[in-house]
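Inspection log for the structure reproduced underneath, given as structure tokens.
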Protein chains: 2
Amino acid sequence: MTDAAQSADEFDVVGIGNALVDVLTHEDDAFIEANGLVKGAMTLIDTDRAEALYAAMGRGIEVSGGSAANTIAGIASFGGKAAYIGRVFDDQLGAVFAHDLRSSGVVFRCAPAVDGPPTGRCLIVVTPDAQRTMNTYLGSSELLGPEHVDSELIAAAQVTFLEGYLFDRPEAKEAYWKASRVAHDAGRRVALTLSDTFCVERHREAWRDLVADQVDILFANEHEALALYEVDNFEEALAAARADVEVAALTRGPAGSVVARGEELVDVDAHPVEVVDTTGAGDLYAAGFLFGFTHDRSLADCGKLGSIAASAVLGHTGARPGASLAQLVHPLHL
Amino acid sequence: MTDAAQSADEFDVVGIGNALVDVLTHEDDAFIEANGLVKGAMTLIDTDRAEALYAAMGRGIEVSGGSAANTIAGIASFGGKAAYIGRVFDDQLGAVFAHDLRSSGVVFRCAPAVDGPPTGRCLIVVTPDAQRTMNTYLGSSELLGPEHVDSELIAAAQVTFLEGYLFDRPEAKEAYWKASRVAHDAGRRVALTLSDTFCVERHREAWRDLVADQVDILFANEHEALALYEVDNFEEALAAARADVEVAALTRGPAGSVVARGEELVDVDAHPVEVVDTTGAGDLYAAGFLFGFTHDRSLADCGKLGSIAASAVLGHTGARPGASLAQLVHPLHL
């Protein structure tokens with residue numbers, strides 16, 4: 001599958017992001033404090049810090065992760081046609097990442113790196129309040145640059161989906177601009193998720209340029225949207241986003257989401273679930289929304305599909321759904 | 001911790017077994033049939049078969065496994081003092097295995113192999129009936145021989161616990177005889193779990209010799225006990241085991257277990273749980289039982305602790321408990 005030539009219109013969504021394997025562990029708040037972690041955020045860590053933190057952590061489970069990769073796997077789980085661009089190393093965790101994507105039906109043809117650091121991983125501490133605190137050792141995922149942007153895949157996908165986390169390096173910024181231009185030259189759309197408040201604050205101006213100039217569909221949670229536009233309340237952030245992009249989907253945790261396209265504005269409820277672990281909830285919201293969007297569903301249905309997909313990972317540990325999302329939504333006639 | 005000199009009496013239990021990382025996936029019965037798997041059993045597979053089966057499997061989660069290692073991690077989770085002997089390779093999955101054991105408080109000081117095959121893994125298919133079908137690529141775990149039997153650890157542990165799965169190779173048989181003699185020379189006990197009916201049938205005479213000559217505490221499920229003694233019914237198997245060993249603990253799935261010591265005989269109920277995945281249930285039964293045994297609990301309490309520990313993994317995917325077993329049994333005043 002990975003080497004098959006792709007014809008035009010073959011994909012619903014192609015995602016670009018940090019290719020990571022998650023190492024999930026359950027710890028209490030004392031662990032967060034004792035190890036100086038930034039609760040609820042994504043913090044980049046180097047090799048030494050990764051080794052020290054892993055040694056301090058309890059028993060883990062290893063599952064494929066990466067924000068955009070989770071979204072893409074979710075779209076495939078809905079029955080969508082999806083592809084992914086990201087860098088792993090030629091090692092055991094890289095093989096796990098590639099297997100898990102491909103076995104979900106995702107086209108992943110980016111060759112593993114044979115020089116440089118090992119496959120990246122995200123050490124995720126889940127606390128009793130179901131909050132996830134992420135500590136990312138980027139490893140080979142940070143080797144992605146414009147030369148890895150697969151123009152053929154991007155031109156063949158209705159939507160190119162970009163994750164904010166990747167934006168920390170100049171090469172990745174170049175890759176995003178290149179991907180956006182390729183997509184638009186082919187008459188396609190570009191979607192972006194802001195990913196993390198700290199990430200927005202580190203690169204606010206660069207984000208604003210990209211959003212205003214290239215982004216058609218913007219995903220952000222409330223905090224990220226306020227940070228991007230430097231405003232104090234949700235209404236102002238929503239207004240700014242609506243002025244910037246064709247479609248804005250702003251999530252508010254248990255309060256659901258607000259989605260807007262032009263004059264159209266829809267409030268979407270969160271799907272009820274007993275929350276065990278918030279890891280991946282935003283990624284899966286984007287999966288449901290984009291699956292609906294690329295299948296010509298109403299804006300309200302796109303939001304509902306996002307809420308349902310998010311609920312499918314909120315109820316268990318890990319960022320990818322255990323069951324088929326297509327089967328999950330089938331009885332709902334959505 | 002791993003290099004600390006150990007004094008006499010330092011450990012409750014030291015386990016010896018195949019050091020494996022489990023790759024768990026959920027599939028239906030059609031997958032079992034299409035791939036020619038032996039449902040409910042443990043089948044040894046070579047590199048080519050492992051690669052083909054992994055490619056056919058859906059998305060997995062990676063968690064440390066290995067039968068005796070699960071038991072030892074369970075004993076540590078009860079607050080017991082435990083150590084483990086088994087071989088991993090110096091690779092990413094080997095590091096995961098070592099981390100997960102050590103972070104549970106287990107002493108694991110067996111150096112990783114630097115020549116030979118990679119760390120072993122067990123491809124586990126969980127079907128909708130919660131049954132697990134295991135396909136083991138032994139990798140570096142099969143490099144264990146008598147030279148790796150750490151006599152100092154064994155002499156310092158009340159019980160040396162052996163898993164049946166390891167018994168397939170002559171070097172491992174030698175290792176088990178050596179470990180048993182070291183334990184008995186130090187006035188310690190030897191416990192064995194038969195692990196698997198097919199494993200018993202492959203090596204019946206060798207098992208009978210070891211059990212009759214060296215084993216003090218025998219764990220087996222009903223089918224394994226019948227296979228070992230070539231008898232038709234449970235009562236005969238129980239009688240034969242009672243004649244052979246000091247303590248026999250024979251498990252019967254949802255029907256609980258029967259434990260016997262000399263004239264004493266106790267029927268133990270299974271602990272109620274909604275079964276999600278049977279992987280590791282027998283391993284954790286042994287953990288609870290041996291924790292009780294090494295803490296001078298009554299035979300009935302040992303059985304109850306076994307049932308509770310088994311229930312702690314039957315209710316989720318994977319072979320090691322998510323929560324502290326010590327905290328789980330605390331309110332039960334066991």
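Here's how to read the names in the structure tokens: chain A, B, ... by the order shown, residue numbers from 1 in each chain, ligand numbers from 1 in the order shown.
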
Would you mind listing, for every residue of chain A within 10 Å of chain B, the two atoms forming the shortest contact and the distance between them in Å to one decimal, using only C-alpha atoms, sorted by chain and ascending residue number, as JSON lines?
```
{"residue": "A:Val23", "atom": "CA", "partner": "B:Glu62", "partner_atom": "CA", "distance": 9.4}
{"residue": "A:Thr25", "atom": "CA", "partner": "B:Gly322", "partner_atom": "CA", "distance": 9.4}
{"residue": "A:His26", "atom": "CA", "partner": "B:Gly322", "partner_atom": "CA", "distance": 8.4}
{"residue": "A:Tyr54", "atom": "CA", "partner": "B:His99", "partner_atom": "CA", "distance": 8.0}
{"residue": "A:Ala55", "atom": "CA", "partner": "B:His99", "partner_atom": "CA", "distance": 7.0}
{"residue": "A:Ala56", "atom": "CA", "partner": "B:Ser103", "partner_atom": "CA", "distance": 7.6}
{"residue": "A:Met57", "atom": "CA", "partner": "B:Ser103", "partner_atom": "CA", "distance": 7.0}
{"residue": "A:Gly58", "atom": "CA", "partner": "B:Ser103", "partner_atom": "CA", "distance": 5.0}
{"residue": "A:Arg59", "atom": "CA", "partner": "B:Asp100", "partner_atom": "CA", "distance": 4.4}
{"residue": "A:Gly60", "atom": "CA", "partner": "B:Asp100", "partner_atom": "CA", "distance": 6.6}
{"residue": "A:Ile61", "atom": "CA", "partner": "B:Val63", "partner_atom": "CA", "distance": 5.1}
{"residue": "A:Glu62", "atom": "CA", "partner": "B:Glu62", "partner_atom": "CA", "distance": 4.8}
{"residue": "A:Val63", "atom": "CA", "partner": "B:Ile61", "partner_atom": "CA", "distance": 5.1}
{"residue": "A:Ser64", "atom": "CA", "partner": "B:Ile61", "partner_atom": "CA", "distance": 7.9}
{"residue": "A:Ala73", "atom": "CA", "partner": "B:Arg59", "partner_atom": "CA", "distance": 9.9}
{"residue": "A:Asp91", "atom": "CA", "partner": "B:Gln92", "partner_atom": "CA", "distance": 8.0}
{"residue": "A:Gln92", "atom": "CA", "partner": "B:Gln92", "partner_atom": "CA", "distance": 6.4}
{"residue": "A:Leu93", "atom": "CA", "partner": "B:Gln92", "partner_atom": "CA", "distance": 7.2}
{"residue": "A:Val96", "atom": "CA", "partner": "B:Gly60", "partner_atom": "CA", "distance": 8.2}
{"residue": "A:Phe97", "atom": "CA", "partner": "B:Arg59", "partner_atom": "CA", "distance": 9.2}
{"residue": "A:Ala98", "atom": "CA", "partner": "B:Arg59", "partner_atom": "CA", "distance": 9.8}
{"residue": "A:His99", "atom": "CA", "partner": "B:Ala55", "partner_atom": "CA", "distance": 7.0}
{"residue": "A:Asp100", "atom": "CA", "partner": "B:Arg59", "partner_atom": "CA", "distance": 4.4}
{"residue": "A:Leu101", "atom": "CA", "partner": "B:Arg59", "partner_atom": "CA", "distance": 7.4}
{"residue": "A:Arg102", "atom": "CA", "partner": "B:Arg59", "partner_atom": "CA", "distance": 8.5}
{"residue": "A:Ser103", "atom": "CA", "partner": "B:Gly58", "partner_atom": "CA", "distance": 5.1}
{"residue": "A:Ser104", "atom": "CA", "partner": "B:Arg59", "partner_atom": "CA", "distance": 6.6}
{"residue": "A:Gly105", "atom": "CA", "partner": "B:Gly58", "partner_atom": "CA", "distance": 9.4}
{"residue": "A:Pro118", "atom": "CA", "partner": "B:Gln92", "partner_atom": "CA", "distance": 9.5}
{"residue": "A:Thr119", "atom": "CA", "partner": "B:Gln92", "partner_atom": "CA", "distance": 10.0}
{"residue": "A:Gly318", "atom": "CA", "partner": "B:Ile61", "partner_atom": "CA", "distance": 9.4}
{"residue": "A:Arg320", "atom": "CA", "partner": "B:Arg59", "partner_atom": "CA", "distance": 9.4}
{"residue": "A:Gly322", "atom": "CA", "partner": "B:His26", "partner_atom": "CA", "distance": 8.3}
{"residue": "A:Ala323", "atom": "CA", "partner": "B:His26", "partner_atom": "CA", "distance": 9.0}
```

**Prompt:** region 124-295 of chain B: which residues are helix (DSSP H, G or I) by DSSP, as a VMD selection string?
**Reply:** chain B and resid 139 to 143 146 to 148 151 to 155 164 to 168 170 to 185 197 to 202 204 to 214 222 to 229 234 to 244 253 to 255 281 to 293

Give me a file of those residues, with C-alpha atoms, as a CSV table (one decimal), in the first residue's frame.
```csv
chain,number,residue,atom,x,y,z
B,139,GLY,CA,14.1,-13.5,20.7
B,140,SER,CA,16.7,-12.9,23.4
B,141,SER,CA,14.6,-14.5,26.1
B,142,GLU,CA,15.7,-17.9,24.9
B,143,LEU,CA,19.3,-17.1,25.7
B,146,PRO,CA,22.3,-22.2,33.9
B,147,GLU,CA,25.0,-19.5,33.7
B,148,HIS,CA,22.4,-16.8,34.3
B,151,SER,CA,22.6,-18.1,43.0
B,152,GLU,CA,22.9,-15.2,45.4
B,153,LEU,CA,19.4,-14.0,44.6
B,154,ILE,CA,17.9,-17.4,44.7
B,155,ALA,CA,19.5,-18.3,48.1
B,164,GLY,CA,6.6,-23.6,32.4
B,165,TYR,CA,6.9,-21.6,29.1
B,166,LEU,CA,10.7,-21.4,29.5
B,167,PHE,CA,11.1,-25.2,29.5
B,168,ASP,CA,11.3,-25.7,25.8
B,170,PRO,CA,17.7,-27.9,27.1
B,171,GLU,CA,19.6,-25.0,28.5
B,172,ALA,CA,16.5,-23.7,30.3
B,173,LYS,CA,15.8,-27.2,31.8
B,174,GLU,CA,19.4,-27.1,33.1
B,175,ALA,CA,18.8,-23.7,34.5
B,176,TYR,CA,15.6,-24.9,36.3
B,177,TRP,CA,17.4,-27.8,37.9
B,178,LYS,CA,20.3,-25.7,38.9
B,179,ALA,CA,18.0,-23.0,40.4
B,180,SER,CA,16.0,-25.7,42.3
B,181,ARG,CA,19.1,-27.2,43.8
B,182,VAL,CA,20.5,-23.8,44.8
B,183,ALA,CA,17.1,-23.0,46.5
B,184,HIS,CA,16.9,-26.2,48.3
B,185,ASP,CA,20.5,-26.1,49.4
B,197,THR,CA,-1.3,-27.7,28.1
B,198,PHE,CA,0.8,-28.0,24.9
B,199,CYS,CA,3.9,-27.1,26.8
B,200,VAL,CA,3.1,-29.9,29.3
B,201,GLU,CA,2.5,-32.4,26.5
B,202,ARG,CA,5.8,-31.4,24.8
B,204,ARG,CA,5.7,-34.4,30.1
B,205,GLU,CA,8.4,-36.8,31.4
B,206,ALA,CA,10.8,-34.0,32.1
B,207,TRP,CA,8.1,-32.1,33.9
B,208,ARG,CA,7.1,-35.1,36.0
B,209,ASP,CA,10.7,-35.6,37.0
B,210,LEU,CA,11.1,-32.0,38.0
B,211,VAL,CA,7.8,-31.8,39.9
B,212,ALA,CA,8.4,-35.0,41.8
B,213,ASP,CA,12.0,-34.2,42.7
B,214,GLN,CA,12.2,-30.5,43.1
B,222,GLU,CA,-7.4,-28.0,35.4
B,223,HIS,CA,-6.3,-28.9,31.8
B,224,GLU,CA,-2.6,-28.7,32.5
B,225,ALA,CA,-3.0,-30.9,35.6
B,226,LEU,CA,-4.9,-33.5,33.6
B,227,ALA,CA,-2.2,-33.4,30.9
B,228,LEU,CA,0.7,-33.7,33.4
B,229,TYR,CA,-0.7,-36.8,35.1
B,234,PHE,CA,-9.9,-33.3,38.2
B,235,GLU,CA,-10.1,-35.5,41.4
B,236,GLU,CA,-7.4,-37.8,40.1
B,237,ALA,CA,-5.2,-35.0,39.0
B,238,LEU,CA,-5.6,-33.3,42.4
B,239,ALA,CA,-4.7,-36.6,44.2
B,240,ALA,CA,-1.6,-37.0,42.1
B,241,ALA,CA,-0.5,-33.5,42.7
B,242,ARG,CA,-1.0,-33.8,46.4
B,243,ALA,CA,1.1,-36.9,46.4
B,244,ASP,CA,3.9,-35.1,44.5
B,253,GLY,CA,-11.3,-20.4,35.6
B,254,PRO,CA,-14.6,-18.9,36.7
B,255,ALA,CA,-15.2,-21.9,39.0
B,281,ALA,CA,-5.0,-14.1,35.0
B,282,GLY,CA,-3.0,-17.3,36.0
B,283,ASP,CA,0.1,-15.2,36.5
B,284,LEU,CA,-1.6,-12.9,38.9
B,285,TYR,CA,-3.3,-15.8,40.7
B,286,ALA,CA,0.2,-17.1,41.5
B,287,ALA,CA,1.2,-13.6,42.6
B,288,GLY,CA,-1.5,-13.3,45.1
B,289,PHE,CA,-1.0,-16.8,46.4
B,290,LEU,CA,2.7,-16.5,46.8
B,291,PHE,CA,2.4,-13.1,48.4
B,292,GLY,CA,0.1,-14.7,51.0
B,293,PHE,CA,2.3,-17.8,51.3
```

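Within region 32-107 of chain B, the backbone-based DSSP assignment of strand (DSSP E) covers Met42, Thr43, Leu44, Ile61, Glu62, Val63, Ser64, Ala82, Ala83, Tyr84 and Ile85 of chain B.
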
**Prompt:** Which distance in Å separates CA of Leu325 (chain A) and CA of Arg297 (chain A), to one decimal?
**Reply:**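 Calculated distance between CA of Leu325 (chain A) and CA of Arg297 (chain A) is 16.2 Å.
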
**Closest of B:Val149, B:Ala130, B:Leu250, B:Ala309 to Gly40 (chain B) - atom-to-atom distances counting only C-alpha atoms** =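 For Gly40 (chain B), the nearest of the candidates is B:Ala130.
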
Need the shell around Ala69 (chain B): protein/DNA/RNA residues with any atom at most 8 Å away, counting only C-alpha atoms. Skip same-chain ones fewer than 3 positions apart. Format as a compact mmCIF listing (two decimals) with N, CA and C atoms, in the first residue's frame?
```txt
# COMPACT_ATOMS: atom_id res chain seq x y z
N GLY B 15 11.61 -14.80 40.54
CA GLY B 15 11.01 -15.51 39.42
C GLY B 15 12.01 -15.68 38.28
N ILE B 16 11.85 -16.77 37.53
CA ILE B 16 12.68 -17.01 36.34
C ILE B 16 11.73 -17.30 35.18
N GLY B 17 11.96 -16.62 34.04
CA GLY B 17 11.05 -16.88 32.93
C GLY B 17 11.49 -16.20 31.64
N ASN B 18 10.62 -16.28 30.65
CA ASN B 18 10.84 -15.61 29.37
C ASN B 18 10.52 -14.13 29.51
N ALA B 19 11.54 -13.29 29.29
CA ALA B 19 11.36 -11.84 29.37
C ALA B 19 10.78 -11.35 28.04
N GLY B 65 5.39 -7.93 29.54
CA GLY B 65 4.71 -9.17 29.88
C GLY B 65 5.70 -10.22 30.35
N GLY B 66 5.50 -11.45 29.89
CA GLY B 66 6.28 -12.59 30.37
C GLY B 66 5.59 -13.14 31.60
N ILE B 72 5.81 -11.72 39.26
CA ILE B 72 6.74 -11.00 40.14
C ILE B 72 6.32 -9.54 40.29
N ALA B 73 5.87 -8.91 39.20
CA ALA B 73 5.37 -7.53 39.29
C ALA B 73 4.15 -7.47 40.20
N TYR B 84 13.72 -10.78 39.71
CA TYR B 84 13.43 -11.49 38.46
C TYR B 84 14.71 -11.80 37.71
N LEU B 101 9.67 -3.35 35.09
CA LEU B 101 9.90 -4.20 36.27
C LEU B 101 10.51 -3.39 37.41
```

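Take the candidates A:Glu230, A:Glu274, A:Asp12, A:Glu163 and check each one against Ile75 (chain A) using only C-alpha atoms; the shortest distance goes to A:Asp12.
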
**Message:** With only C-alpha atoms as the counted atoms, please give the residues lying no more than 6 Å from Ala82 (chain A), apart from itself and same-chain residues fewer than 6 positions off, as a PyMOL selection string.
**Reply:** chain A and resi 11-14+76+106

**Message:** Can you tell me which residues surround Val258 (chain B) at a distance of at most 9 Å, considering only C-alpha atoms, apart from same-chain residues fewer than 5 positions away, and format the answer as a PyMOL selection string?
**Reply:** chain B and resi 238+248-252+265-269+303

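One finds CA of Ala319 (chain A) at 22.7 Å from CA of Leu332 (chain A).
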
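Going from CA of Glu246 (chain B) over to CA of Leu218 (chain B), you cover 8.3 Å.
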
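When only C-alpha atoms are used to measure the gap to Val329 (chain B), the shortest distance among B:Ile45, B:Leu138, B:Ile308, B:Val313 belongs to B:Ile308.
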
**Of the listed residues B:Leu334, B:Leu20, B:Ala186, B:Leu192, that which approaches Lys304 (chain B) most closely, counting only C-alpha atoms** = B:Leu334
